[in-house]
$ cat upload.txt   # compact mmCIF, C-alpha atoms
# COMPACT_ATOMS: atom_id res chain seq x y z
CA MET A 1 97.00 92.39 25.98
CA ALA A 2 95.60 93.09 22.51
CA ASP A 3 96.38 89.57 21.17
CA LEU A 4 94.31 87.70 23.76
CA PRO A 5 92.16 84.90 22.37
CA PRO A 6 88.39 85.48 22.67
CA TYR A 7 86.74 84.24 25.85
CA LYS A 8 84.20 81.45 25.49
CA THR A 9 81.77 80.30 28.18
CA PRO A 10 82.07 76.52 28.68
CA ARG A 11 79.27 74.47 27.19
CA TRP A 12 78.41 72.71 30.47
CA VAL A 13 77.90 76.08 32.16
CA LYS A 14 75.41 77.09 29.45
CA ILE A 15 73.55 73.79 29.77
CA PHE A 16 73.57 74.05 33.57
CA GLY A 17 72.28 77.62 33.47
CA ILE A 18 69.48 76.77 31.04
CA SER A 19 68.49 73.73 33.17
CA VAL A 20 68.34 75.84 36.33
CA LEU A 21 66.31 78.50 34.53
CA VAL A 22 63.83 75.93 33.20
CA LEU A 23 63.55 74.36 36.67
CA VAL A 24 62.87 77.70 38.33
CA LEU A 25 60.24 78.57 35.72
CA LEU A 26 58.59 75.16 36.20
CA VAL A 27 58.46 75.62 39.98
CA VAL A 28 57.01 79.14 39.62
CA ALA A 29 54.43 77.90 37.09
CA ALA A 30 53.48 74.97 39.33
CA LEU A 31 53.06 77.29 42.32
CA LEU A 32 50.92 79.70 40.29
CA VAL A 33 48.70 76.90 39.00
CA ALA A 34 48.40 75.37 42.47
CA THR A 35 47.51 78.73 43.99
CA ALA A 36 44.96 79.41 41.27
CA LEU A 37 43.33 76.02 41.84
CA GLY A 38 43.34 76.58 45.61
CA LEU A 39 45.68 73.65 46.25
CA HIS A 40 48.43 75.80 47.72
CA THR A 41 47.79 78.68 50.10
CA PRO A 42 50.78 79.67 52.22
CA GLY A 43 48.65 80.49 55.28
CA GLY A 44 45.77 78.09 54.69
CA PRO A 45 45.09 74.35 54.42
CA GLY A 46 48.05 72.49 53.03
CA GLY A 47 50.30 75.49 53.49
CA HIS A 48 52.65 76.14 56.33
CA GLY A 49 53.31 79.84 56.35
CA PRO A 50 53.46 82.02 59.41
CA GLY A 51 49.79 82.98 59.02
CA ARG A 52 48.57 79.45 59.54
CA PRO A 53 46.53 79.03 62.74
CA THR A 54 48.11 76.48 65.00
CA PRO A 55 46.19 74.11 67.25
CA SER A 56 48.11 75.35 70.27
CA GLN A 57 46.90 78.91 69.62
CA THR A 58 43.25 78.05 69.17
CA PRO A 59 42.36 76.82 72.65
CA LEU A 60 44.33 79.66 74.27
CA SER A 61 42.58 82.39 72.29
CA SER A 62 39.15 80.88 72.87
CA ILE A 63 39.78 80.62 76.61
CA ILE A 64 41.04 84.19 76.81
CA GLU A 65 38.22 85.56 74.68
CA GLY A 66 35.65 84.09 77.04
CA ASP A 67 37.21 85.70 80.08
CA THR A 68 37.80 89.17 78.63
CA LEU A 69 36.23 92.03 80.55
CA PRO A 70 33.90 94.44 78.69
CA GLY A 71 35.97 96.94 76.69
CA GLY A 72 39.10 94.84 77.06
CA ASP A 73 41.53 94.09 74.24
CA LEU A 74 41.08 90.74 72.55
CA ALA A 75 44.82 90.34 72.05
CA GLY A 76 46.38 87.64 74.18
CA GLN A 77 48.56 89.54 76.65
CA THR A 78 46.07 92.27 77.59
CA SER A 79 43.24 89.83 78.01
CA ARG A 80 45.29 87.55 80.18
CA SER A 81 46.25 90.44 82.48
CA SER A 82 42.61 91.53 82.58
CA VAL A 83 41.60 88.09 83.75
CA THR A 84 44.24 88.21 86.46
CA GLU A 85 43.09 91.65 87.68
CA HIS A 86 39.49 90.46 87.66
CA ASP A 87 40.40 87.45 89.74
CA VAL A 88 42.33 89.59 92.22
CA GLN A 89 39.37 91.94 92.63
CA GLN A 90 37.11 88.98 93.28
CA LEU A 91 39.42 87.87 96.10
CA MET Z 1 97.82 83.06 50.17
CA THR Z 2 98.24 79.37 49.34
CA MET Z 3 98.21 76.85 52.15
CA SER Z 4 101.05 74.43 52.74
CA PRO Z 5 100.29 70.81 51.69
CA PRO Z 6 99.79 69.49 55.28
CA LEU Z 7 97.49 72.40 56.16
CA ARG Z 8 95.62 72.00 52.90
CA LYS Z 9 95.03 68.30 53.60
CA PHE Z 10 93.76 69.09 57.08
CA ALA Z 11 91.40 71.77 55.72
CA LEU Z 12 90.24 69.41 52.99
CA THR Z 13 89.53 66.64 55.50
CA THR Z 14 87.54 69.07 57.64
CA HIS Z 15 85.60 70.35 54.64
CA ILE Z 16 84.73 66.84 53.42
CA THR Z 17 83.68 65.81 56.94
CA PHE Z 18 81.30 68.74 57.31
CA SER Z 19 79.93 68.53 53.77
CA VAL Z 20 79.28 64.79 53.82
CA GLY Z 21 77.91 65.17 57.35
CA TRP Z 22 75.48 67.76 56.03
CA ILE Z 23 74.23 65.33 53.39
CA GLY Z 24 73.95 62.57 56.01
CA ALA Z 25 71.97 64.78 58.39
CA VAL Z 26 69.63 65.78 55.56
CA ALA Z 27 69.16 62.08 54.75
CA ALA Z 28 68.12 61.42 58.36
CA TYR Z 29 65.78 64.42 58.24
CA LEU Z 30 64.36 63.20 54.94
CA ALA Z 31 63.51 59.81 56.48
CA LEU Z 32 61.51 61.56 59.21
CA ASP Z 33 59.91 63.90 56.69
CA VAL Z 34 58.69 60.94 54.62
CA THR Z 35 57.35 59.36 57.83
CA VAL Z 36 55.48 62.56 58.66
CA ALA Z 37 54.03 62.72 55.15
CA THR Z 38 52.84 59.12 55.15
CA SER Z 39 52.09 58.10 58.74
CA GLN Z 40 48.70 58.41 60.43
CA ASP Z 41 49.82 57.33 63.89
CA ALA Z 42 49.73 60.29 66.29
CA GLN Z 43 52.61 59.09 68.46
CA THR Z 44 54.84 58.52 65.46
CA LEU Z 45 53.97 61.95 64.10
CA ARG Z 46 54.66 63.65 67.43
CA ALA Z 47 58.04 61.93 67.79
CA ALA Z 48 58.98 62.62 64.17
CA TYR Z 49 58.18 66.35 64.36
CA LEU Z 50 60.24 66.72 67.54
CA ALA Z 51 63.18 64.77 66.09
CA MET Z 52 63.06 66.77 62.84
CA GLU Z 53 63.47 70.01 64.77
CA LEU Z 54 66.40 68.62 66.77
CA ILE Z 55 68.17 67.29 63.67
CA ALA Z 56 67.65 70.54 61.79
CA ARG Z 57 68.69 72.83 64.63
CA TYR Z 58 71.64 70.91 66.05
CA ALA Z 59 72.98 69.03 63.03
CA ILE Z 60 71.91 70.46 59.68
CA VAL Z 61 72.26 74.19 60.41
CA PRO Z 62 75.69 73.95 62.11
CA LEU Z 63 76.96 71.59 59.41
CA ALA Z 64 75.70 73.93 56.68
CA PHE Z 65 77.58 76.88 58.13
CA ALA Z 66 80.69 74.80 58.82
CA SER Z 67 80.64 73.47 55.27
CA LEU Z 68 80.25 76.96 53.83
CA LEU Z 69 83.07 78.31 55.97
CA THR Z 70 85.53 75.49 55.26
CA GLY Z 71 84.63 75.71 51.56
CA LEU Z 72 85.55 79.39 51.57
CA VAL Z 73 88.84 78.58 53.31
CA MET Z 74 89.60 75.83 50.80
CA SER Z 75 88.94 78.00 47.76
CA LEU Z 76 90.75 81.07 49.05
CA GLY Z 77 93.66 79.05 50.41
CA THR Z 78 94.39 77.26 47.15
CA LYS Z 79 95.01 78.26 43.54
CA TRP Z 80 91.42 77.41 42.64
CA GLY Z 81 90.21 80.75 44.00
CA LEU Z 82 86.63 81.71 44.71
CA PHE Z 83 85.62 83.37 41.45
CA ARG Z 84 88.06 81.86 38.95
CA HIS Z 85 86.41 78.55 38.14
CA TYR Z 86 82.75 78.00 37.35
CA TRP Z 87 82.45 74.84 39.44
CA VAL Z 88 83.71 76.67 42.54
CA LEU Z 89 81.46 79.68 41.92
CA ILE Z 90 78.35 77.58 41.25
CA SER Z 91 79.08 75.43 44.33
CA LEU Z 92 79.36 78.57 46.43
CA LEU Z 93 76.11 80.03 45.09
CA LEU Z 94 74.23 76.76 45.58
CA THR Z 95 75.57 76.40 49.13
CA ILE Z 96 74.50 79.94 50.02
CA PHE Z 97 71.08 79.32 48.46
CA ALA Z 98 70.63 76.03 50.35
CA THR Z 99 71.66 77.65 53.64
CA PHE Z 100 69.29 80.56 53.08
CA VAL Z 101 66.33 78.27 52.34
CA LEU Z 102 67.26 76.13 55.34
CA LEU Z 103 67.25 79.11 57.68
CA SER Z 104 63.92 80.37 56.36
CA GLU Z 105 62.48 76.87 56.71
CA MET Z 106 63.61 76.62 60.35
CA ARG Z 107 60.63 78.76 61.42
CA THR Z 108 58.21 76.24 59.96
CA ILE Z 109 60.09 73.29 61.44
CA SER Z 110 60.16 74.93 64.87
CA SER Z 111 56.46 75.76 64.76
CA PHE Z 112 55.64 72.15 63.82
CA ALA Z 113 57.75 70.93 66.75
CA ASP Z 114 56.07 73.38 69.14
CA ILE Z 115 52.65 72.16 68.09
CA ALA Z 116 53.73 68.52 68.38
CA ALA Z 117 55.22 69.16 71.83
CA ASP Z 118 51.97 70.66 73.08
CA PRO Z 119 50.10 67.86 74.91
CA THR Z 120 46.75 69.49 74.10
CA THR Z 121 47.30 69.04 70.35
CA SER Z 122 44.86 66.45 69.08
CA SER Z 123 45.71 63.59 66.74
CA ASP Z 124 43.71 65.20 63.95
CA ASP Z 125 45.67 68.42 64.33
CA LEU Z 126 48.92 66.47 64.13
CA ARG Z 127 47.80 64.68 60.98
CA SER Z 128 46.85 67.96 59.31
CA LEU Z 129 50.15 69.69 60.07
CA GLY Z 130 51.83 68.76 56.80
CA SER Z 131 55.48 68.21 56.00
CA THR Z 132 58.51 69.97 54.56
CA LEU Z 133 59.10 67.20 52.03
CA VAL Z 134 59.37 69.48 48.99
CA HIS Z 135 62.14 71.48 50.64
CA SER Z 136 64.02 68.49 51.99
CA VAL Z 137 63.96 66.69 48.64
CA GLY Z 138 65.00 69.89 46.87
CA GLY Z 139 67.77 70.42 49.39
CA THR Z 140 69.06 66.90 48.87
CA VAL Z 141 69.17 67.41 45.10
CA VAL Z 142 71.06 70.69 45.50
CA LEU Z 143 73.59 69.08 47.85
CA LEU Z 144 74.11 66.18 45.44
CA VAL Z 145 74.69 68.62 42.56
CA ILE Z 146 77.31 70.42 44.68
CA GLN Z 147 78.94 67.10 45.50
CA VAL Z 148 79.11 66.08 41.84
CA LEU Z 149 80.62 69.45 40.89
CA ASN Z 150 83.24 69.11 43.64
CA VAL Z 151 84.22 65.58 42.67
CA TYR Z 152 84.32 66.02 38.87
CA LYS Z 153 85.55 69.64 38.88
CA PRO Z 154 84.40 70.33 35.30
CA PRO Z 155 86.93 72.63 33.62
CA GLY Z 156 85.95 76.14 32.71
CA LEU Z 157 87.19 79.55 33.73
CA THR Z 158 85.01 82.50 34.56
CA PRO Z 159 85.77 85.73 32.65
CA TYR Z 160 87.60 86.94 35.77
CA GLY Z 161 89.62 83.73 36.06
CA TRP Z 162 90.41 83.75 32.35
CA ARG Z 163 91.67 87.36 32.55
CA LYS Z 164 93.81 86.51 35.56
CA GLN Z 165 95.22 83.48 33.78
CA GLN Z 166 96.14 85.51 30.71
CA GLU Z 167 97.82 88.17 32.85
CA GLN Z 168 99.79 85.49 34.69
CA ARG Z 169 100.88 83.88 31.41
CA LEU Z 170 102.04 87.21 30.04
CA ARG Z 171 103.95 87.97 33.22
CA THR Z 172 105.56 84.53 33.23
CA SER Z 173 106.61 84.72 29.58
CA ALA Z 174 107.92 88.27 29.99
CA ALA Z 175 109.97 87.27 33.02
CA SER Z 176 111.42 84.17 31.36
CA LEU Z 177 112.32 85.78 28.01
CA PRO Z 178 115.79 87.07 28.93
CA THR Z 179 116.88 83.83 30.62
CA ARG Z 180 115.30 81.21 28.35
CA ALA Z 181 116.65 80.59 24.94
CA SER Z 182 114.48 77.61 24.09
CA THR Z 183 110.94 77.96 22.72
CA ALA Z 184 109.48 74.93 24.51
CA PRO Z 185 105.80 75.25 25.43
CA GLU Z 186 104.99 76.13 29.02
CA LYS Z 187 104.09 73.42 31.45
CA GLY Z 188 100.68 73.39 33.09
CA ALA Z 189 98.84 75.15 30.29
CA SER Z 190 97.72 72.00 28.57
CA ARG Z 191 94.16 71.95 29.83
CA GLU Z 192 92.05 75.06 30.06
CA GLY Z 193 90.61 75.81 33.44
CA ARG Z 194 93.05 73.69 35.44
CA PRO Z 195 95.57 75.26 37.77
CA SER Z 196 99.12 74.43 36.75
CA GLU Z 197 100.29 73.39 40.20
CA VAL Z 198 99.79 69.85 41.41
CA SER Z 199 99.45 70.94 45.04
CA VAL Z 200 96.21 72.79 44.49
CA GLU Z 201 94.21 69.67 43.65
CA HIS Z 202 91.41 69.11 46.15

$ encode --input "upload.txt" --output "structure tokens"
Amino acid sequence: MADLPPYKTPRWVKIFGISVLVLVLLVVAALLVATALGLHTPGGPGGHGPGRPTPSQTPLSSIIEGDTLPGGDLAGQTSRSSVTEHDVQQL
Amino acid sequence: MTMSPPLRKFALTTHITFSVGWIGAVAAYLALDVTVATSQDAQTLRAAYLAMELIARYAIVPLAFASLLTGLVMSLGTKWGLFRHYWVLISLLLTIFATFVLLSEMRTISSFADIAADPTTSSDDLRSLGSTLVHSVGGTVVLLVIQVLNVYKPPGLTPYGWRKQQEQRLRTSAASLPTRASTAPEKGASREGRPSEVSVEH
């Protein structure tokens, strides 16, 4: 095993690796610049992260908030059950 | 653990079907994504968002997993191996990366579809939803790179593959020394990074 020729990485692999590295750096730089300029916010306008408020959530939360009993939780499930209990008591 | 030629052809056909199908499904998704990014018509947007979710969930994701699985079978069932050649290794890494990004992007696609399916969503809300165009274009590029690698199969062994090849050569020459008197060069060692057996070509 001592007379093995030295191993050489193929040239196309080196070029490919450098290209991928440059591409990744460009994407990261573009994201940083866009975030700094306020053009890209994952949860805000133009972004689409999980923190983004959805139109379907907005009407529901506003409806529930209006019907919440004093001292009740503003979170969706509790408020909805509070409204139901309130309605039952009214009946 | 090499497959027989008929089995290898069947596995290859399956792998090509799933892989090309994946690219085709992404192309269909891309058309809808461009529509979403450019259209202002609420009905078109609503339909496009719903169709994008269906294509992603029932075509792209299953095809991605099927392609990954059949690719693993093809590499492990032939002399190419999974870690011996750079083009196989890079294809595997890119496929895993594309599948991972796809799965993480499914949440966004599903939330867009949920919003579009809600009849109370206004036209303005639909227009401000946005698109996944960056990811779908990036995904298409990655899939095309994988396709090019798989068609051209650029030669080049990984350090692991090179070591294995050297060990195999040493074993072969040691085994043939007592029986062979001639000093003719070995067959199949003419081009670095290519398996010496014809049957492994895929």

$ atom_distance --input "upload.txt" --atom1 "CA of Pro10 (chain A)" --atom2 "CA of Leu157 (chain Z)"
7.8 Å

$ interface_residues --input "upload.txt" --of "chain Z" --to "chain A" --cutoff "9 Å" --atoms "all atoms listed in the file" --output "PDB file with C-alpha atoms, in the frame of the given file"
ATOM      1  CA  TYR Z  86      82.750  78.000  37.350  1.00  0.00           C
ATOM      2  CA  TRP Z  87      82.450  74.840  39.440  1.00  0.00           C
ATOM      3  CA  ARG Z 107      60.630  78.760  61.420  1.00  0.00           C
ATOM      4  CA  THR Z 108      58.210  76.240  59.960  1.00  0.00           C
ATOM      5  CA  SER Z 111      56.460  75.760  64.760  1.00  0.00           C
ATOM      6  CA  PHE Z 112      55.640  72.150  63.820  1.00  0.00           C
ATOM      7  CA  ASP Z 114      56.070  73.380  69.140  1.00  0.00           C
ATOM      8  CA  ILE Z 115      52.650  72.160  68.090  1.00  0.00           C
ATOM      9  CA  ASP Z 118      51.970  70.660  73.080  1.00  0.00           C
ATOM     10  CA  THR Z 120      46.750  69.490  74.100  1.00  0.00           C
ATOM     11  CA  THR Z 121      47.300  69.040  70.350  1.00  0.00           C
ATOM     12  CA  SER Z 122      44.860  66.450  69.080  1.00  0.00           C
ATOM     13  CA  ASP Z 125      45.670  68.420  64.330  1.00  0.00           C
ATOM     14  CA  LEU Z 126      48.920  66.470  64.130  1.00  0.00           C
ATOM     15  CA  SER Z 128      46.850  67.960  59.310  1.00  0.00           C
ATOM     16  CA  LEU Z 129      50.150  69.690  60.070  1.00  0.00           C
ATOM     17  CA  GLY Z 130      51.830  68.760  56.800  1.00  0.00           C
ATOM     18  CA  SER Z 131      55.480  68.210  56.000  1.00  0.00           C
ATOM     19  CA  THR Z 132      58.510  69.970  54.560  1.00  0.00           C
ATOM     20  CA  PRO Z 154      84.400  70.330  35.300  1.00  0.00           C
ATOM     21  CA  PRO Z 155      86.930  72.630  33.620  1.00  0.00           C
ATOM     22  CA  GLY Z 156      85.950  76.140  32.710  1.00  0.00           C
ATOM     23  CA  LEU Z 157      87.190  79.550  33.730  1.00  0.00           C
ATOM     24  CA  THR Z 158      85.010  82.500  34.560  1.00  0.00           C
ATOM     25  CA  PRO Z 159      85.770  85.730  32.650  1.00  0.00           C
ATOM     26  CA  TRP Z 162      90.410  83.750  32.350  1.00  0.00           C
ATOM     27  CA  ARG Z 163      91.670  87.360  32.550  1.00  0.00           C
ATOM     28  CA  GLN Z 166      96.140  85.510  30.710  1.00  0.00           C
ATOM     29  CA  GLU Z 167      97.820  88.170  32.850  1.00  0.00           C
ATOM     30  CA  LEU Z 170     102.040  87.210  30.040  1.00  0.00           C
TER      31      LEU Z 170
END

$ atom_distance --input "upload.txt" --atom1 "CA of Leu12 (chain Z)" --atom2 "CA of Phe97 (chain Z)"
22.0 Å

$ atom_distance --input "upload.txt" --atom1 "CA of Met52 (chain Z)" --atom2 "CA of Leu32 (chain Z)"
6.5 Å

$ closest_residue --input "upload.txt" --among "Z:Ser173, Z:Thr14, Z:Ser19, Z:Ser123" --to "Asp41 (chain Z)" --atoms "all atoms listed in the file"
Z:Ser123

$ residues_around --input "upload.txt" --residues "Gln40 (chain Z)" --least-positions-apart "3" --cutoff "8 Å" --atoms "only C-alpha atoms" --output "PyMOL selection string"
chain Z and resi 44-45+127

$ residues_near_point --input "upload.txt" --point "(95.1, 78.0, 50.3)" --cutoff "12 Å" --atoms "only C-alpha atoms" --output "ChimeraX atom specification"
/Z:1-12,70-82,199-202

$ residues_around --input "upload.txt" --residues "Ala31 (chain Z)" --least-positions-apart "2" --cutoff "12 Å" --atoms "all atoms listed in the file" --output "PyMOL selection string"
chain Z and resi 24-29+33-39+48-49+51-52+55+131-133+136-137+140
